[in-house]
file run_18.txt (compact mmCIF, C-alpha atoms)
# COMPACT_ATOMS: atom_id res chain seq x y z
CA MET A 24 -33.41 49.56 -87.24
CA LYS A 25 -36.13 47.34 -85.82
CA GLU A 26 -33.65 44.79 -84.43
CA LEU A 27 -32.11 47.41 -82.14
CA HIS A 28 -35.34 47.30 -80.15
CA ASP A 29 -35.43 43.51 -79.96
CA ASN A 30 -33.93 41.57 -77.04
CA ALA A 31 -33.69 38.42 -79.15
CA TYR A 32 -31.47 40.20 -81.69
CA PHE A 33 -28.95 41.28 -79.07
CA ILE A 34 -28.90 37.89 -77.33
CA SER A 35 -28.34 36.20 -80.68
CA ARG A 36 -25.48 38.58 -81.51
CA GLN A 37 -23.94 38.02 -78.10
CA ASN A 38 -24.12 34.28 -78.66
CA ASP A 39 -22.23 34.76 -81.94
CA PHE A 40 -19.28 36.74 -80.60
CA GLU A 41 -18.98 36.30 -76.82
CA SER A 42 -17.28 33.36 -75.11
CA SER A 43 -19.11 30.37 -73.68
CA ALA A 44 -18.06 31.59 -70.22
CA ARG A 45 -20.81 34.22 -70.22
CA SER A 46 -23.35 33.47 -67.51
CA TYR A 47 -25.95 36.14 -66.74
CA PRO A 48 -27.45 36.36 -70.27
CA ARG A 49 -28.37 32.69 -70.00
CA LYS A 50 -30.61 33.52 -67.04
CA PHE A 51 -31.67 37.02 -68.01
CA PRO A 52 -32.15 37.11 -71.81
CA PHE A 53 -32.52 40.84 -72.29
CA ALA A 54 -30.43 43.77 -73.50
CA LEU A 55 -30.30 46.76 -71.18
CA LYS A 56 -30.82 50.30 -72.41
CA LYS A 57 -31.43 52.43 -69.31
CA ALA A 58 -31.00 52.13 -65.56
CA LYS A 59 -31.90 54.34 -62.63
CA GLY A 60 -32.00 53.54 -58.94
CA SER A 61 -33.25 49.99 -58.44
CA TRP A 62 -34.75 49.70 -61.93
CA VAL A 63 -33.37 48.69 -65.32
CA GLU A 64 -35.06 49.00 -68.70
CA ASP A 65 -34.44 46.78 -71.71
CA VAL A 66 -34.38 47.75 -75.38
CA GLU A 67 -38.05 46.79 -75.71
CA GLY A 68 -39.08 49.24 -72.99
CA ASN A 69 -39.73 46.64 -70.26
CA ARG A 70 -38.74 47.67 -66.72
CA TYR A 71 -37.30 45.26 -64.14
CA LEU A 72 -36.61 45.62 -60.44
CA ASP A 73 -32.91 44.87 -59.98
CA PHE A 74 -32.21 42.85 -56.83
CA LEU A 75 -28.80 41.84 -58.15
CA CYS A 76 -27.24 45.30 -58.73
CA GLY A 77 -23.98 44.15 -60.24
CA ALA A 78 -23.58 41.34 -57.67
CA GLY A 79 -23.61 43.95 -54.91
CA THR A 80 -21.44 46.48 -56.74
CA LEU A 81 -24.11 49.18 -57.00
CA ALA A 82 -24.50 50.12 -53.34
CA LEU A 83 -26.62 53.15 -54.25
CA GLY A 84 -28.28 51.61 -57.29
CA HIS A 85 -27.89 52.67 -60.89
CA ASN A 86 -26.87 56.22 -61.77
CA ASP A 87 -27.15 57.72 -58.30
CA ASP A 88 -27.29 61.50 -58.80
CA ASP A 89 -24.42 62.36 -56.47
CA VAL A 90 -22.21 59.55 -57.71
CA LYS A 91 -22.86 60.53 -61.32
CA LYS A 92 -22.16 64.22 -60.58
CA SER A 93 -18.80 63.35 -59.01
CA MET A 94 -17.75 61.61 -62.20
CA ILE A 95 -19.09 64.32 -64.52
CA ASP A 96 -17.32 67.01 -62.49
CA LEU A 97 -14.06 65.07 -62.72
CA LEU A 98 -14.42 64.57 -66.47
CA GLU A 99 -15.14 68.26 -67.04
CA SER A 100 -12.17 69.35 -64.93
CA ASP A 101 -9.63 67.78 -67.29
CA ALA A 102 -8.09 65.98 -64.33
CA PRO A 103 -6.07 62.89 -65.30
CA LEU A 104 -8.19 59.74 -65.50
CA HIS A 105 -5.40 57.17 -65.78
CA THR A 106 -2.56 57.66 -63.28
CA LEU A 107 -1.03 54.25 -62.53
CA ASP A 108 -0.07 54.67 -58.84
CA LEU A 109 0.86 58.35 -59.07
CA MET A 110 -0.67 60.66 -56.47
CA THR A 111 -3.60 63.01 -57.12
CA PRO A 112 -5.90 65.10 -54.91
CA VAL A 113 -8.75 62.73 -55.83
CA LYS A 114 -6.72 59.78 -54.60
CA GLU A 115 -5.75 61.59 -51.40
CA LYS A 116 -9.40 62.18 -50.54
CA PHE A 117 -10.37 58.59 -51.36
CA VAL A 118 -7.55 57.18 -49.20
CA GLU A 119 -8.35 59.46 -46.29
CA THR A 120 -12.00 58.41 -46.46
CA ILE A 121 -11.12 54.71 -46.43
CA LEU A 122 -8.72 55.13 -43.51
CA SER A 123 -11.30 57.09 -41.52
CA LEU A 124 -13.70 54.12 -41.70
CA LEU A 125 -11.26 51.59 -40.23
CA PRO A 126 -11.34 50.38 -36.60
CA GLU A 127 -9.27 52.58 -34.29
CA GLU A 128 -6.67 49.84 -33.78
CA LEU A 129 -5.99 49.73 -37.52
CA LYS A 130 -6.71 53.31 -38.55
CA ASN A 131 -3.27 54.72 -37.71
CA ASP A 132 -1.38 51.54 -38.55
CA ALA A 133 -2.57 50.85 -42.08
CA LYS A 134 -1.17 50.75 -45.59
CA ILE A 135 -3.15 50.58 -48.82
CA GLN A 136 -2.36 48.66 -52.00
CA PHE A 137 -4.34 49.61 -55.09
CA CYS A 138 -4.77 46.62 -57.38
CA SER A 139 -6.08 45.82 -60.81
CA PRO A 140 -9.83 46.57 -60.99
CA SER A 141 -11.23 43.15 -60.04
CA GLY A 142 -11.63 41.78 -56.53
CA THR A 143 -9.83 38.60 -57.56
CA ASP A 144 -6.64 40.66 -57.88
CA ALA A 145 -7.09 42.00 -54.36
CA THR A 146 -7.08 38.38 -53.20
CA ASP A 147 -3.95 37.55 -55.15
CA ALA A 148 -2.24 40.70 -53.90
CA ALA A 149 -3.06 39.88 -50.28
CA ILE A 150 -1.72 36.34 -50.61
CA LYS A 151 1.51 37.62 -52.20
CA LEU A 152 1.80 40.19 -49.41
CA CYS A 153 1.41 37.65 -46.61
CA LYS A 154 3.74 35.13 -48.22
CA THR A 155 6.36 37.84 -48.64
CA ALA A 156 5.99 39.12 -45.09
CA THR A 157 6.00 35.74 -43.37
CA GLY A 158 8.29 33.73 -45.64
CA ARG A 159 5.73 30.94 -45.50
CA GLY A 160 3.75 29.36 -48.32
CA ARG A 161 0.56 27.63 -47.17
CA VAL A 162 -2.81 29.42 -47.06
CA ILE A 163 -5.90 28.34 -45.11
CA ALA A 164 -9.36 28.96 -46.55
CA PHE A 165 -12.86 27.73 -45.68
CA SER A 166 -15.34 25.45 -47.40
CA GLY A 167 -17.96 27.48 -49.25
CA GLY A 168 -15.69 30.49 -49.56
CA TYR A 169 -15.45 32.54 -52.73
CA HIS A 170 -12.45 34.78 -53.35
CA GLY A 171 -12.41 35.25 -57.12
CA MET A 172 -11.81 33.44 -60.39
CA GLY A 173 -8.14 34.27 -60.99
CA HIS A 174 -5.69 31.38 -60.88
CA GLY A 175 -4.57 32.05 -57.31
CA ALA A 176 -7.92 33.26 -55.94
CA LEU A 177 -9.70 30.26 -57.48
CA ALA A 178 -7.44 27.93 -55.53
CA LEU A 179 -8.87 29.49 -52.34
CA THR A 180 -12.48 29.17 -53.53
CA GLY A 181 -14.57 26.25 -52.37
CA ASN A 182 -16.66 25.64 -55.49
CA ARG A 183 -15.30 22.47 -57.12
CA ASN A 184 -17.17 22.90 -60.41
CA ALA A 185 -15.15 26.03 -61.19
CA LYS A 186 -11.89 24.20 -60.51
CA GLU A 187 -12.23 20.70 -61.95
CA LYS A 188 -11.21 21.61 -65.51
CA VAL A 189 -8.36 23.90 -64.45
CA GLN A 190 -5.42 21.83 -63.29
CA ASN A 191 -2.38 22.94 -61.26
CA LEU A 192 -3.95 25.84 -59.38
CA MET A 193 -1.90 27.48 -56.64
CA PRO A 194 -0.61 24.69 -54.36
CA GLY A 195 -0.49 24.73 -50.58
CA VAL A 196 -4.14 25.51 -49.80
CA SER A 197 -5.93 23.79 -46.90
CA PHE A 198 -9.70 24.04 -46.41
CA PHE A 199 -11.40 24.06 -43.02
CA PRO A 200 -15.12 23.69 -42.18
CA TYR A 201 -17.14 26.91 -42.08
CA PRO A 202 -20.04 27.11 -39.58
CA TYR A 203 -23.07 26.49 -41.81
CA SER A 204 -25.76 25.93 -39.20
CA TYR A 205 -28.49 24.57 -41.52
CA ARG A 206 -26.14 22.01 -43.08
CA CYS A 207 -23.55 21.67 -40.33
CA PRO A 208 -20.64 19.46 -41.47
CA PHE A 209 -20.52 17.99 -37.97
CA GLY A 210 -24.24 17.22 -37.85
CA LEU A 211 -24.73 19.58 -34.91
CA GLY A 212 -25.87 23.01 -36.09
CA GLY A 213 -26.29 26.20 -34.08
CA GLU A 214 -23.77 27.20 -31.43
CA GLU A 215 -22.52 23.62 -31.01
CA GLY A 216 -21.71 23.33 -34.70
CA ALA A 217 -19.87 26.66 -34.73
CA LYS A 218 -17.96 25.65 -31.61
CA ALA A 219 -16.96 22.33 -33.20
CA ALA A 220 -15.65 24.16 -36.28
CA ALA A 221 -13.66 26.56 -34.10
CA ASN A 222 -12.30 23.71 -31.98
CA TYR A 223 -11.20 21.82 -35.08
CA PHE A 224 -9.49 24.93 -36.47
CA GLU A 225 -7.61 25.67 -33.25
CA ARG A 226 -6.66 22.08 -32.51
CA THR A 227 -5.36 21.45 -36.01
CA LEU A 228 -3.20 24.57 -36.15
CA LYS A 229 -1.76 23.84 -32.70
CA ASP A 230 -1.29 20.08 -33.24
CA PRO A 231 2.32 19.23 -34.16
CA GLU A 232 1.01 16.05 -35.82
CA SER A 233 -1.77 17.69 -37.88
CA GLY A 234 0.22 17.48 -41.09
CA ILE A 235 -0.53 21.14 -41.92
CA GLU A 236 2.43 23.46 -41.63
CA LYS A 237 2.04 26.98 -40.26
CA PRO A 238 0.40 29.06 -42.97
CA ALA A 239 1.27 32.44 -44.42
CA ALA A 240 -2.34 33.54 -43.96
CA VAL A 241 -5.91 32.57 -43.13
CA ILE A 242 -8.58 34.03 -45.43
CA ILE A 243 -12.28 34.19 -44.54
CA GLU A 244 -15.53 35.93 -45.52
CA PRO A 245 -17.48 37.23 -42.48
CA ILE A 246 -20.59 36.48 -44.54
CA GLN A 247 -20.10 33.99 -47.34
CA GLY A 248 -21.69 35.29 -50.53
CA GLU A 249 -21.48 32.91 -53.48
CA GLY A 250 -21.32 30.05 -50.97
CA GLY A 251 -24.95 30.69 -50.04
CA VAL A 252 -25.18 33.83 -47.85
CA ILE A 253 -23.89 32.27 -44.64
CA PRO A 254 -22.90 34.63 -41.80
CA ALA A 255 -20.10 33.45 -39.54
CA PRO A 256 -21.19 33.58 -35.87
CA ASP A 257 -19.45 36.28 -33.82
CA GLU A 258 -17.88 33.78 -31.43
CA PHE A 259 -16.43 31.80 -34.33
CA LEU A 260 -14.79 34.87 -35.84
CA LYS A 261 -13.46 35.90 -32.43
CA ARG A 262 -11.92 32.46 -31.98
CA ILE A 263 -10.32 32.54 -35.44
CA ARG A 264 -8.87 35.96 -34.63
CA ARG A 265 -7.56 34.85 -31.22
CA VAL A 266 -5.87 31.75 -32.62
CA THR A 267 -4.29 33.53 -35.58
CA LYS A 268 -2.98 36.23 -33.25
CA GLU A 269 -1.54 33.67 -30.85
CA LEU A 270 0.23 31.88 -33.69
CA ASP A 271 1.30 35.08 -35.51
CA ILE A 272 -0.66 34.21 -38.65
CA PRO A 273 -2.04 37.15 -40.70
CA LEU A 274 -5.84 37.10 -40.90
CA ILE A 275 -7.30 38.25 -44.22
CA VAL A 276 -10.96 39.26 -44.13
CA ASP A 277 -12.66 39.30 -47.53
CA GLU A 278 -15.17 42.17 -47.51
CA ILE A 279 -15.48 42.33 -51.30
CA GLN A 280 -19.20 41.46 -51.34
CA CYS A 281 -20.33 41.70 -47.72
CA GLY A 282 -18.63 45.03 -46.96
CA ILE A 283 -19.35 48.72 -47.63
CA GLY A 284 -22.64 48.82 -45.70
CA ARG A 285 -24.15 45.61 -47.08
CA SER A 286 -24.47 43.96 -43.66
CA GLY A 287 -25.78 47.07 -41.89
CA ASP A 288 -22.27 47.97 -40.71
CA VAL A 289 -19.55 49.57 -42.83
CA PHE A 290 -17.62 46.29 -42.63
CA ALA A 291 -19.26 42.96 -41.86
CA PHE A 292 -16.48 41.95 -39.45
CA GLU A 293 -17.31 44.88 -37.15
CA LYS A 294 -20.23 43.09 -35.50
CA SER A 295 -17.90 40.48 -34.02
CA GLY A 296 -15.52 43.11 -32.68
CA ILE A 297 -12.44 41.65 -34.36
CA VAL A 298 -9.70 43.62 -36.12
CA PRO A 299 -8.11 41.72 -39.03
CA ASP A 300 -4.59 42.17 -40.35
CA VAL A 301 -5.72 42.50 -43.98
CA ILE A 302 -9.02 43.68 -45.50
CA LEU A 303 -10.04 43.05 -49.11
CA MET A 304 -12.35 45.60 -50.74
CA SER A 305 -13.82 45.83 -54.22
CA LYS A 306 -17.31 45.88 -55.81
CA ALA A 307 -19.17 48.75 -54.08
CA ILE A 308 -16.01 50.63 -53.11
CA GLY A 309 -15.62 52.02 -56.64
CA GLY A 310 -19.04 53.65 -56.75
CA SER A 311 -20.07 51.52 -59.79
CA GLN A 312 -16.60 51.79 -61.40
CA PRO A 313 -13.88 49.09 -61.31
CA MET A 314 -11.71 49.26 -58.20
CA SER A 315 -10.04 46.88 -55.77
CA VAL A 316 -8.03 47.71 -52.68
CA VAL A 317 -6.09 45.84 -50.01
CA VAL A 318 -5.74 47.51 -46.61
CA TYR A 319 -3.24 45.94 -44.24
CA LYS A 320 -1.13 46.50 -41.13
CA LYS A 321 2.15 48.31 -41.74
CA GLU A 322 4.19 45.45 -40.27
CA LEU A 323 3.27 43.33 -43.31
CA ASP A 324 4.61 45.91 -45.76
CA LYS A 325 7.74 43.99 -46.79
CA TRP A 326 7.27 44.48 -50.53
CA SER A 327 9.90 46.02 -52.74
CA ALA A 328 8.95 48.58 -55.41
CA GLY A 329 6.88 46.98 -58.16
CA ALA A 330 6.30 43.74 -56.23
CA HIS A 331 2.63 44.09 -57.09
CA ALA A 332 1.20 46.27 -59.81
CA GLY A 333 -1.77 46.78 -62.09
CA THR A 334 -2.06 49.09 -65.06
CA PHE A 335 -5.50 50.38 -64.05
CA ARG A 336 -4.89 50.74 -60.32
CA GLY A 337 -5.20 54.52 -60.61
CA ASN A 338 -8.84 54.67 -61.74
CA GLN A 339 -9.70 58.27 -60.84
CA LEU A 340 -13.38 57.98 -61.76
CA ALA A 341 -13.73 55.07 -59.34
CA MET A 342 -11.98 57.01 -56.60
CA ALA A 343 -14.21 60.05 -57.04
CA ALA A 344 -17.39 57.96 -57.20
CA GLY A 345 -16.23 55.66 -54.40
CA THR A 346 -15.65 58.58 -52.06
CA VAL A 347 -19.30 59.62 -52.49
CA VAL A 348 -20.51 56.09 -51.73
CA LEU A 349 -18.31 55.75 -48.65
CA GLU A 350 -19.45 59.10 -47.27
CA LYS A 351 -23.09 58.10 -47.71
CA ILE A 352 -22.96 54.58 -46.32
CA ARG A 353 -20.95 55.58 -43.24
CA GLN A 354 -23.88 57.62 -41.85
CA LYS A 355 -25.59 55.95 -38.89
CA GLU A 356 -29.03 56.81 -40.26
CA PHE A 357 -28.19 55.13 -43.55
CA LEU A 358 -26.88 51.97 -41.88
CA ASP A 359 -29.90 51.86 -39.56
CA GLU A 360 -32.12 51.92 -42.65
CA VAL A 361 -30.17 49.03 -44.19
CA LYS A 362 -30.79 47.02 -41.03
CA ARG A 363 -34.48 47.97 -40.92
CA LYS A 364 -35.13 47.10 -44.54
CA GLY A 365 -33.15 43.89 -44.25
CA LYS A 366 -35.14 42.86 -41.18
CA ARG A 367 -38.37 43.66 -42.98
CA ILE A 368 -37.47 41.43 -45.93
CA GLU A 369 -36.14 38.68 -43.67
CA ASP A 370 -39.32 38.64 -41.54
CA ALA A 371 -41.50 38.37 -44.65
CA LEU A 372 -39.34 35.55 -46.02
CA LEU A 373 -39.45 33.67 -42.71
CA GLN A 374 -43.23 33.93 -42.77
CA LEU A 375 -43.24 32.60 -46.33
CA LYS A 376 -40.97 29.73 -45.24
CA ASN A 377 -43.60 28.69 -42.69
CA GLU A 378 -46.27 28.60 -45.41
CA VAL A 379 -44.48 26.49 -48.03
CA SER A 380 -42.54 23.24 -48.20
CA ILE A 381 -39.77 24.24 -50.63
CA ILE A 382 -37.86 26.76 -48.49
CA GLY A 383 -35.48 25.16 -46.03
CA ASP A 384 -33.71 28.17 -44.58
CA VAL A 385 -33.67 31.97 -44.61
CA ARG A 386 -30.51 33.69 -43.38
CA GLY A 387 -28.20 36.65 -43.73
CA ARG A 388 -27.66 40.11 -42.32
CA GLY A 389 -28.70 43.56 -43.41
CA LEU A 390 -29.45 43.60 -47.14
CA MET A 391 -27.45 40.45 -47.81
CA LEU A 392 -30.01 37.68 -47.51
CA GLY A 393 -30.31 34.13 -48.80
CA ILE A 394 -33.27 31.78 -49.29
CA GLU A 395 -32.28 28.11 -49.57
CA PHE A 396 -34.63 25.94 -51.62
CA ILE A 397 -35.07 22.25 -50.92
CA ASP A 398 -36.76 19.26 -52.48
CA PRO A 399 -39.37 18.31 -49.86
CA ASN A 400 -39.85 14.89 -51.48
CA GLY A 401 -36.17 13.99 -51.78
CA ASP A 402 -33.47 12.53 -49.54
CA VAL A 403 -32.20 14.19 -46.36
CA ASP A 404 -28.73 15.12 -45.10
CA ILE A 405 -27.02 14.37 -41.78
CA MET A 406 -29.03 17.18 -40.18
CA ASN A 407 -32.22 15.45 -41.39
CA HIS A 408 -32.90 18.39 -43.71
CA PRO A 409 -34.07 17.79 -47.28
CA LEU A 410 -31.26 18.17 -49.81
CA PRO A 411 -30.80 21.52 -51.59
CA SER A 412 -32.61 21.93 -54.90
CA GLY A 413 -30.94 23.97 -57.59
CA GLU A 414 -33.74 22.99 -59.97
CA ILE A 415 -36.44 24.59 -57.83
CA ALA A 416 -34.30 27.70 -57.25
CA ALA A 417 -33.72 28.01 -61.00
CA GLU A 418 -37.46 27.79 -61.66
CA VAL A 419 -38.12 30.46 -59.04
CA GLN A 420 -35.50 32.68 -60.65
CA LYS A 421 -36.95 32.14 -64.13
CA ARG A 422 -40.53 32.95 -63.12
CA CYS A 423 -39.42 36.00 -61.11
CA PHE A 424 -37.67 37.30 -64.21
CA LEU A 425 -40.80 36.78 -66.30
CA ARG A 426 -42.56 38.99 -63.73
CA HIS A 427 -39.83 41.63 -63.97
CA LEU A 428 -37.78 40.83 -60.87
CA VAL A 429 -34.05 40.10 -61.27
CA MET A 430 -32.46 37.92 -58.57
CA GLU A 431 -29.40 35.68 -58.64
CA LYS A 432 -28.68 32.21 -57.25
CA GLY A 433 -25.71 30.83 -55.34
CA GLY A 434 -24.92 28.26 -52.67
CA ARG A 435 -24.62 24.50 -52.91
CA ASN A 436 -26.04 23.27 -56.24
CA GLY A 437 -27.24 26.82 -56.96
CA SER A 438 -30.06 26.33 -54.45
CA VAL A 439 -29.91 29.72 -52.70
CA MET A 440 -31.70 32.79 -54.06
CA ARG A 441 -29.87 35.92 -52.93
CA CYS A 442 -30.89 39.47 -52.10
CA LEU A 443 -28.23 41.93 -53.29
CA CYS A 444 -30.40 44.96 -53.91
CA ALA A 445 -29.33 48.60 -53.69
CA LEU A 446 -28.76 49.65 -50.09
CA ASN A 447 -31.07 52.63 -50.61
CA VAL A 448 -33.88 50.48 -52.04
CA LYS A 449 -37.30 52.01 -51.38
CA ASP A 450 -40.04 50.41 -49.32
CA ASP A 451 -42.46 50.27 -52.25
CA GLU A 452 -39.75 48.47 -54.24
CA ILE A 453 -39.43 45.98 -51.40
CA ASP A 454 -43.22 45.55 -51.60
CA PHE A 455 -42.92 44.73 -55.31
CA MET A 456 -40.11 42.23 -54.69
CA LEU A 457 -41.98 40.47 -51.89
CA ASP A 458 -45.23 40.32 -53.88
CA VAL A 459 -43.54 38.78 -56.92
CA PHE A 460 -41.29 36.43 -54.98
CA THR A 461 -44.09 35.23 -52.69
CA SER A 462 -46.52 34.57 -55.52
CA VAL A 463 -43.90 32.65 -57.52
CA VAL A 464 -42.79 30.52 -54.57
CA LYS A 465 -46.36 29.67 -53.57
CA GLU A 466 -47.23 28.84 -57.17
CA ILE A 467 -44.32 26.41 -57.51
CA ASP A 468 -44.94 24.95 -54.06
CA SER A 469 -48.55 24.20 -54.99
CA GLU A 470 -47.44 22.49 -58.19
CA ILE A 471 -44.99 20.29 -56.30
CA LYS A 472 -47.59 19.35 -53.69
CA ALA A 473 -50.03 18.41 -56.46
CA ARG A 474 -47.64 15.93 -58.07

call {"tool": "encode", "arguments": {"input": "run_18.txt", "output": "C-alpha cells"}}
result
Amino acid sequence: MKELHDNAYFISRQNDFESSARSYPRKFPFALKKAKGSWVEDVEGNRYLDFLCGAGTLALGHNDDDVKKSMIDLLESDAPLHTLDLMTPVKEKFVETILSLLPEELKNDAKIQFCSPSGTDATDAAIKLCKTATGRGRVIAFSGGYHGMGHGALALTGNRNAKEKVQNLMPGVSFFPYPYSYRCPFGLGGEEGAKAAANYFERTLKDPESGIEKPAAVIIEPIQGEGGVIPAPDEFLKRIRRVTKELDIPLIVDEIQCGIGRSGDVFAFEKSGIVPDVILMSKAIGGSQPMSVVVYKKELDKWSAGAHAGTFRGNQLAMAAGTVVLEKIRQKEFLDEVKRKGKRIEDALLQLKNEVSIIGDVRGRGLMLGIEFIDPNGDVDIMNHPLPSGEIAAEVQKRCFLRHLVMEKGGRNGSVMRCLCALNVKDDEIDFMLDVFTSVVKEIDSEIKAR
C-alpha cells in the first residue's frame, strides 16, 4: 500500500486515534521505520541524525549490537520475561552491576527498589520511602526541576504550565532557588549567585521562624534537564549535602536523565564528591527498555511487604540490556570520550555564540548540553540579559529537522535547545550536527538582524 510509505498518512492516523497529549509528532512529523546507532530512517527512506535519542534513554544509540544480542540471547533461552519482584540470575547480575558502580560509602550500605517502568514512579517511590522512614510529610524541591509527570512527581516539578490544569497535586512541597548563573534569581550570577542560593537554603531550614517545617526529603537534579540543562555548582551541592546531613534530612538525587555516563561520570553527582541517601535511575539504565530503580541507604528501609509495587518491575529484557550498558559506560576510556566529545561540541557552540546575537548562553557537562536562545531586540531581565525566546528556539528546531537533524527544546519558555545524543556518537556525526546547527542559527540570526 502506497500510504504505508507516506509520513503524512501515519501522522494523520495518529491524529485520529492518539490523545491530544502527544508532543513529539507535532515537532517531528515523520513515521520511523528503522534505526541504527545515531541515525533513524522514516517510512519514506529519509535518514535523520538523532540528537534526542529517547530523551537520553538510548545511551548507546539505537540497536547497539551488544545490547541487542543480550536481549536476543535471553529470548532464545526461554528464561522468564515477566517476574514481578521474584529473583532470577539476570536480576542478580544487574543488581550486582549497579551496586558495583556506587560510591564506596554507599556500596555496602544500599538497598534497591524496582519500580514501575517510568522514572516518574521512581520519584514517587522515593518520596513514599522517605516519608515512611522519617514520619514527616513535607518535601523540598528546586525551581526548574523536573521529576516526572505522575501526580506526586509533578508536584515536585517546577514547570507551572504542566500543573495549572491539574488541581490538588501532592501537598506539602516547598520550592527553593536553584543556582542558574545566566538568569540568577538573586541578580548576582556565578559563584556569588550559587552562594546566595545555598545561604538561603541553609538559613531557611535552620530558622525556627521560616514557616517551613522539617521535611521528609530534599530532591535535586545535579544537572537540571527539562529545566534548561543547568549544572549545579559543586560547592552548592556540597552545601546542600552538609545541611541535609546536619539536620538528618534524606537527600534524593535525581539521576534519571543526567546519570549513566551522560555527564562524563557514571553519576553526575560524583563530580561534587557528595554521597546522597537516595538515587533515582531510569531512562538509560534499561538499555533502551523500560526500567526505573531507586537505590537508597539501608537505614531508610522501613517499608513493609508490598508498601510499593509495580506489575512490570521485573522486566528481564531491561535488566539484561541494562547490564550491557552499565558495563560499557563504566569504562574510563568510554567516559573520557564522552568528556572529549562534549567539550568539542561545547567549544564549537561557544564560538557560534560569539558570532551571533540570538544565543545567550551555552552550558552543560559531558554530552548533556544546552543552548539558550534569546530575543536580542526584546526586554532584559534583572541580570541585564535579553529574555529567553521560545519562538526562535522553535524555529531553529524546525529548520534543523528539515535538514535531517533531530533536537529537542526545554528550559524557560522552551528557549533551550538540548544535546542528548548517543554517548558513543561518532566524530563525523558531530561534524554533521555542528554544520547543520551552525548554518541554521546563522541563517535565522541574519534574518533577525535584517528586520

call {"tool": "closest_residue", "arguments": {"input": "run_18.txt", "among": "A:Ser315, A:Ser139, A:Ser438, A:Thr146", "to": "Gly251 of chain A", "atoms": "only C-alpha atoms"}}
result
A:Ser438

call {"tool": "residues_around", "arguments": {"input": "run_18.txt", "residues": "His331 of chain A", "least_positions_apart": "3", "cutoff": "9 Å", "atoms": "all atoms listed in the file", "output": "list in words"}}
result
Gln136, Cys138, Ala148, Lys151, Leu152, Trp326, Ser327 and Ala328 of chain A

call {"tool": "closest_atom_pairs", "arguments": {"input": "run_18.txt", "of": "segment 417-471 of chain A", "to": "segment 368-376 of chain A", "cutoff": "8 Å", "atoms": "all atoms listed in the file", "output": "CSV"}}
result
residue,atom,partner,partner_atom,distance
A:Ile453,CA,A:Ile368,CA,7.4
A:Leu457,CA,A:Ile368,CA,7.5
A:Thr461,CA,A:Leu375,CA,6.9

call {"tool": "closest_residue", "arguments": {"input": "run_18.txt", "among": "A:Glu249, A:Val419, A:Asp271, A:Phe137", "to": "Leu109 of chain A", "atoms": "all atoms listed in the file"}}
result
A:Phe137

call {"tool": "atom_distance", "arguments": {"input": "run_18.txt", "atom1": "atom CA of Arg363 of chain A", "atom2": "atom CA of Glu214 of chain A"}}
result
25.2 Å

call {"tool": "residues_near_point", "arguments": {"input": "run_18.txt", "point": "(-38.6, 23.9, -55.6)", "cutoff": "8 Å", "atoms": "only C-alpha atoms", "output": "list in words"}}
result
Ile381, Ile382, Phe396, Ile397, Asp398, Ser412, Gly413, Glu414, Ile415, Ala416, Glu418, Val419, Val464, Ile467, Asp468 and Ile471 of chain A

call {"tool": "atom_distance", "arguments": {"input": "run_18.txt", "atom1": "atom CA of Gly171 of chain A", "atom2": "atom CA of Ala255 of chain A"}}
result
19.3 Å

call {"tool": "closest_residue", "arguments": {"input": "run_18.txt", "among": "A:Asp277, A:Val463, A:Phe224, A:Gln37", "to": "Lys421 of chain A", "atoms": "only C-alpha atoms"}}
result
A:Val463

call {"tool": "closest_residue", "arguments": {"input": "run_18.txt", "among": "A:Ala473, A:Leu260, A:Leu55, A:Ile243", "to": "Gly296 of chain A", "atoms": "all atoms listed in the file"}}
result
A:Leu260

call {"tool": "closest_residue", "arguments": {"input": "run_18.txt", "among": "A:Thr227, A:Ser141, A:Ser93, A:Ser46", "to": "Lys306 of chain A", "atoms": "only C-alpha atoms"}}
result
A:Ser141

call {"tool": "build_atoms", "arguments": {"input": "run_18.txt", "residues": "segment 283-293 of chain A", "atoms": "N, CA and C atoms", "output": "PDB file, in the coordinates of the input"}}
result
ATOM      1  N   ILE A 283     -18.857  47.419 -47.169  1.00  0.00           N
ATOM      2  CA  ILE A 283     -19.350  48.720 -47.630  1.00  0.00           C
ATOM      3  C   ILE A 283     -20.858  48.855 -47.383  1.00  0.00           C
ATOM      4  N   GLY A 284     -21.266  48.582 -46.134  1.00  0.00           N
ATOM      5  CA  GLY A 284     -22.640  48.820 -45.700  1.00  0.00           C
ATOM      6  C   GLY A 284     -23.610  47.687 -45.940  1.00  0.00           C
ATOM      7  N   ARG A 285     -23.222  46.681 -46.693  1.00  0.00           N
ATOM      8  CA  ARG A 285     -24.150  45.610 -47.080  1.00  0.00           C
ATOM      9  C   ARG A 285     -24.769  44.911 -45.880  1.00  0.00           C
ATOM     10  N   SER A 286     -24.000  44.712 -44.830  1.00  0.00           N
ATOM     11  CA  SER A 286     -24.470  43.960 -43.660  1.00  0.00           C
ATOM     12  C   SER A 286     -25.213  44.825 -42.653  1.00  0.00           C
ATOM     13  N   GLY A 287     -25.223  46.150 -42.877  1.00  0.00           N
ATOM     14  CA  GLY A 287     -25.780  47.070 -41.890  1.00  0.00           C
ATOM     15  C   GLY A 287     -24.696  47.732 -41.058  1.00  0.00           C
ATOM     16  N   ASP A 288     -23.449  47.304 -41.250  1.00  0.00           N
ATOM     17  CA  ASP A 288     -22.270  47.970 -40.710  1.00  0.00           C
ATOM     18  C   ASP A 288     -21.377  48.311 -41.899  1.00  0.00           C
ATOM     19  N   VAL A 289     -20.449  49.235 -41.716  1.00  0.00           N
ATOM     20  CA  VAL A 289     -19.550  49.570 -42.830  1.00  0.00           C
ATOM     21  C   VAL A 289     -18.830  48.318 -43.304  1.00  0.00           C
ATOM     22  N   PHE A 290     -18.262  47.572 -42.338  1.00  0.00           N
ATOM     23  CA  PHE A 290     -17.620  46.290 -42.630  1.00  0.00           C
ATOM     24  C   PHE A 290     -18.348  45.187 -41.864  1.00  0.00           C
ATOM     25  N   ALA A 291     -18.513  44.046 -42.495  1.00  0.00           N
ATOM     26  CA  ALA A 291     -19.260  42.960 -41.860  1.00  0.00           C
ATOM     27  C   ALA A 291     -18.539  42.392 -40.641  1.00  0.00           C
ATOM     28  N   PHE A 292     -17.203  42.498 -40.592  1.00  0.00           N
ATOM     29  CA  PHE A 292     -16.480  41.950 -39.450  1.00  0.00           C
ATOM     30  C   PHE A 292     -16.691  42.768 -38.182  1.00  0.00           C
ATOM     31  N   GLU A 293     -17.167  43.993 -38.312  1.00  0.00           N
ATOM     32  CA  GLU A 293     -17.310  44.880 -37.150  1.00  0.00           C
ATOM     33  C   GLU A 293     -18.208  44.302 -36.075  1.00  0.00           C
TER      34      GLU A 293
END
